[in-house]
Amino acid sequence: MRPGAPLGLALLLLAILTPGMAPAAPPVRSPAPVKCLAAKLTATADDRPDEGTRGYDVLSYDLDLRLDPAGSRISGRVDIRLRAEDTLLGQVHLDLVPELTVLTLLQDGSPASFTRDGANLSVLLTRGLLPGDDTVLTVTYDGHPPRHGPFQSGLMFRRHNAGTLTDPSDDMPIVANVSQPWSAHSWWPCKDDPHDKALVSLAASVPDTLRVVSNGTLESTSTPEPGWTRYAWREAYPLPAYLVSVAASDYVDWQDLCAPSTGPPVRLEYYVFPADRAKAEIDFAPTCDMLDLMTDLAGPYPFTGEKYAQAEIKWTGAMEHSTATSISQIFLTGDRSHETLIIHELAHQWFGNSLTPRTWADLWLNEGFARYCEGLWLESAYGPGAYVDFMAAVGTERHPDFFAEDGLLGDPDPILPNLMIYDKGAWLLHSLRLWLGDPAFFGLLADYATDPDLVHGHVARSDFQAAAEQAAGEDLSRFFDPWLDTAKVPVLSQAVRVRSCGNGEGSVHLTLGQHQTPLFQVAVPVEIYQGSQVLKRMARLETSAQIFEWTVPCGVDSVRIDPDALVLARWYAAPPAALAVTGPAPNPLGPAGAAFEIRLMADAHMSAALYDSRGRRVADYDLGSLAATGPAEDPVTAPHTWHWAPQDMDRALPAGVYWLDFRAGSHRTVRKLAYLP
């Protein structure tokens, strides 16, 4: 998923090339977009659904919906087939926002009692289930779906030209959903947890001027009543609730049959607003080439026998719904300036849709992989220089302190929006590529994505790490643990000495050190220049200091360490972090709060935001304009001290784990605290 208006990594429309000439590398204007414009994000009052089995496994959902654009209303029936797991099951907990009214609830056709508490729908089973027993719950409901979740999305009713001065004759409705991370239950009753995948069929009735696109295969269309058309779709592969999709408008469409070099042909389908077709044909043109690359990298298209559709919606981003990606009208510009968005959402069909995270804490396995595939597409289509530019764009250009103190990649909170998941996730994969070397790394991607024990199932960090260790032939815990479990980055130093020649040979000695805790496993590229020749070597640093020696022919002109800035590290001679926050002290803390020390390398306006463990933004703080203090090593200038006290909040703060996200311009750092009132 990638929200965001034109934050995009831009590609200019390719010029006509002389035969045999490589295409020019696209200019990198800014980092690629993520799911949504940060400026449009607001907090949600809805609770994050519980993660875990809840004692049952959903086998299938059958949705039969009526979408009324005129009233911005949904009504329908959902049949939920589920199976009890390990213990006697007498009650089932489903998720459904309170704005939607439950009209009836049946178990195997008989009325069942239920209670509502916020977004929790508790069903008292008329027939208790022993482990392994199945039952079907049928829920009929209706109402106005609210704007929901960290992107204030859910099921959205919009119009082509609402709020604009464009052609009033083109003002058709648009209905579309964006449910990541946990907004599926804002428009249909479900178990809104990525760990539970189920088979899904979705039928939607809409005014007959509209067409409906959803997951899987269109099985039938019918006329349930005059003026309405019912579209029935069925997905043959299991989905988590957040990937169930519906998109409806007055679409025009076209199709291509793409025959990638790996796997069977895939039918490509495109659904766009009539006014945008000409632009969309240009923007979607690389899709087949991208599919070819993805099958080379990750194996055959995982939804064998089904289409890959891209449907235009009115939003501020894109969402990788299985077999039916939704893409904002913002990105259909007719100049391929958002080309990386197309490969990002396509890559999710493997990384996220087939291999789905067990918990939201593993979301970097979705977004980091899809982000990295953007770079691999640029490298494949435009050459190594475009790849280097891309890594810089999602690294130093957007994270000036290179993710230092940016929070934990292995347990991110808030989960979304969080650029670290995308960008540091991509840099972890790039760093692993340097460590393993290209043959082993690309073998790893293919083996991981096609592992029969993982395909169309769930993955966690342990699954990918095990696959990486198999490819490396070594324990990689010392590689993964620091990247995922700490907010540190390597701080490296270097010293180079070239020894004089003897018997026609000389040597290059490189001393590398790292000056942080914990130690990392870091691969550092080295280039040795001798006239017109360049010798490329790789130094694999594992301890606090290592000496690397290479025998070379006589005549070394120069030695360059990490010449393309492709090591995720801060060099020892580099300036200290622009923003550094220590604290809280004490931690855990009580009602009296705790102190934080703030150091700045330049004058800046400071702010902080408090998030709870459900990813909700609880409070905002304006810390004002603060003067530069210099680094922690400066013995003269004292740090700024800010005291945070939960008792000063407008409402009582419950006990729990919280995160304070400090911002100073483009710099940020995150601090975790435990509150015990």
# chains A, B, ... in the order shown; residues from 1 in each chain; ligands from 1
>>> residues_around(residues="region 636-653 of chain A", least_positions_apart="5", cutoff="7 Å", atoms="only C-alpha atoms", output="list in words")
Pro591, Ala592, Gly593, Ala594, Ala595, Phe596, Glu597, Ile598, Arg599, Thr629 and Gly630 of chain A
>>> write_last_selection(atoms="C-alpha atoms", output="PDB file, in the first residue's frame")
ATOM      1  CA  PRO A 591       1.567  10.194  37.248  1.00  0.00           C
ATOM      2  CA  ALA A 592       4.400  12.644  37.977  1.00  0.00           C
ATOM      3  CA  GLY A 593       5.790  11.890  34.529  1.00  0.00           C
ATOM      4  CA  ALA A 594       9.377  11.865  33.358  1.00  0.00           C
ATOM      5  CA  ALA A 595      12.057  14.059  31.858  1.00  0.00           C
ATOM      6  CA  PHE A 596      13.560  14.023  28.369  1.00  0.00           C
ATOM      7  CA  GLU A 597      16.804  15.693  27.322  1.00  0.00           C
ATOM      8  CA  ILE A 598      16.888  17.185  23.819  1.00  0.00           C
ATOM      9  CA  ARG A 599      19.956  18.082  21.798  1.00  0.00           C
ATOM     10  CA  THR A 629      22.825  22.820  21.818  1.00  0.00           C
ATOM     11  CA  GLY A 630      25.576  20.973  20.000  1.00  0.00           C
TER      12      GLY A 630
END
>>> select_by_dssp(residues="region 475-588 of chain A", states="helix (DSSP H, G or I)", output="ChimeraX atom specification")
/A:477-485
>>> write_last_selection(atoms="N, CA and C atoms", output="compact mmCIF listing (two decimals), in the first residue's frame")
# COMPACT_ATOMS: atom_id res chain seq x y z
N SER A 477 21.56 -14.13 12.92
CA SER A 477 20.90 -13.39 13.99
C SER A 477 21.63 -12.08 14.28
N ARG A 478 22.96 -12.08 14.12
CA ARG A 478 23.71 -10.86 14.38
C ARG A 478 23.53 -9.84 13.26
N PHE A 479 23.00 -10.27 12.14
CA PHE A 479 22.61 -9.32 11.10
C PHE A 479 21.23 -8.76 11.40
N PHE A 480 20.24 -9.63 11.62
CA PHE A 480 18.85 -9.20 11.75
C PHE A 480 18.56 -8.50 13.08
N ASP A 481 19.11 -8.99 14.17
CA ASP A 481 18.71 -8.46 15.48
C ASP A 481 18.95 -6.97 15.62
N PRO A 482 20.13 -6.45 15.28
CA PRO A 482 20.31 -5.00 15.44
C PRO A 482 19.39 -4.17 14.55
N TRP A 483 19.19 -4.63 13.30
CA TRP A 483 18.34 -3.85 12.40
C TRP A 483 16.89 -3.82 12.87
N LEU A 484 16.42 -4.91 13.42
CA LEU A 484 15.00 -5.03 13.76
C LEU A 484 14.68 -4.68 15.20
N ASP A 485 15.58 -4.95 16.12
CA ASP A 485 15.27 -4.83 17.54
C ASP A 485 15.87 -3.61 18.21
>>> closest_residue(among="A:Phe464, A:Phe273, A:Tyr422, A:Tyr621", to="His605 (chain A)", atoms="only C-alpha atoms")
A:Tyr621
>>> atom_distance(atom1="CA of Gln494 (chain A)", atom2="CA of Lys536 (chain A)")
17.0 Å
>>> closest_residue(among="A:His344, A:His93, A:Arg234, A:His144", to="Asp64 (chain A)", atoms="only C-alpha atoms")
A:Arg234
>>> residues_around(residues="region 392-408 of chain A", least_positions_apart="2", cutoff="7 Å", atoms="only C-alpha atoms", output="JSON, numbers by chain")
{"A": [30, 31, 388, 389, 390, 410, 411, 412, 423, 424, 484, 485, 486, 487, 488, 489, 577, 667, 668, 669, 670]}
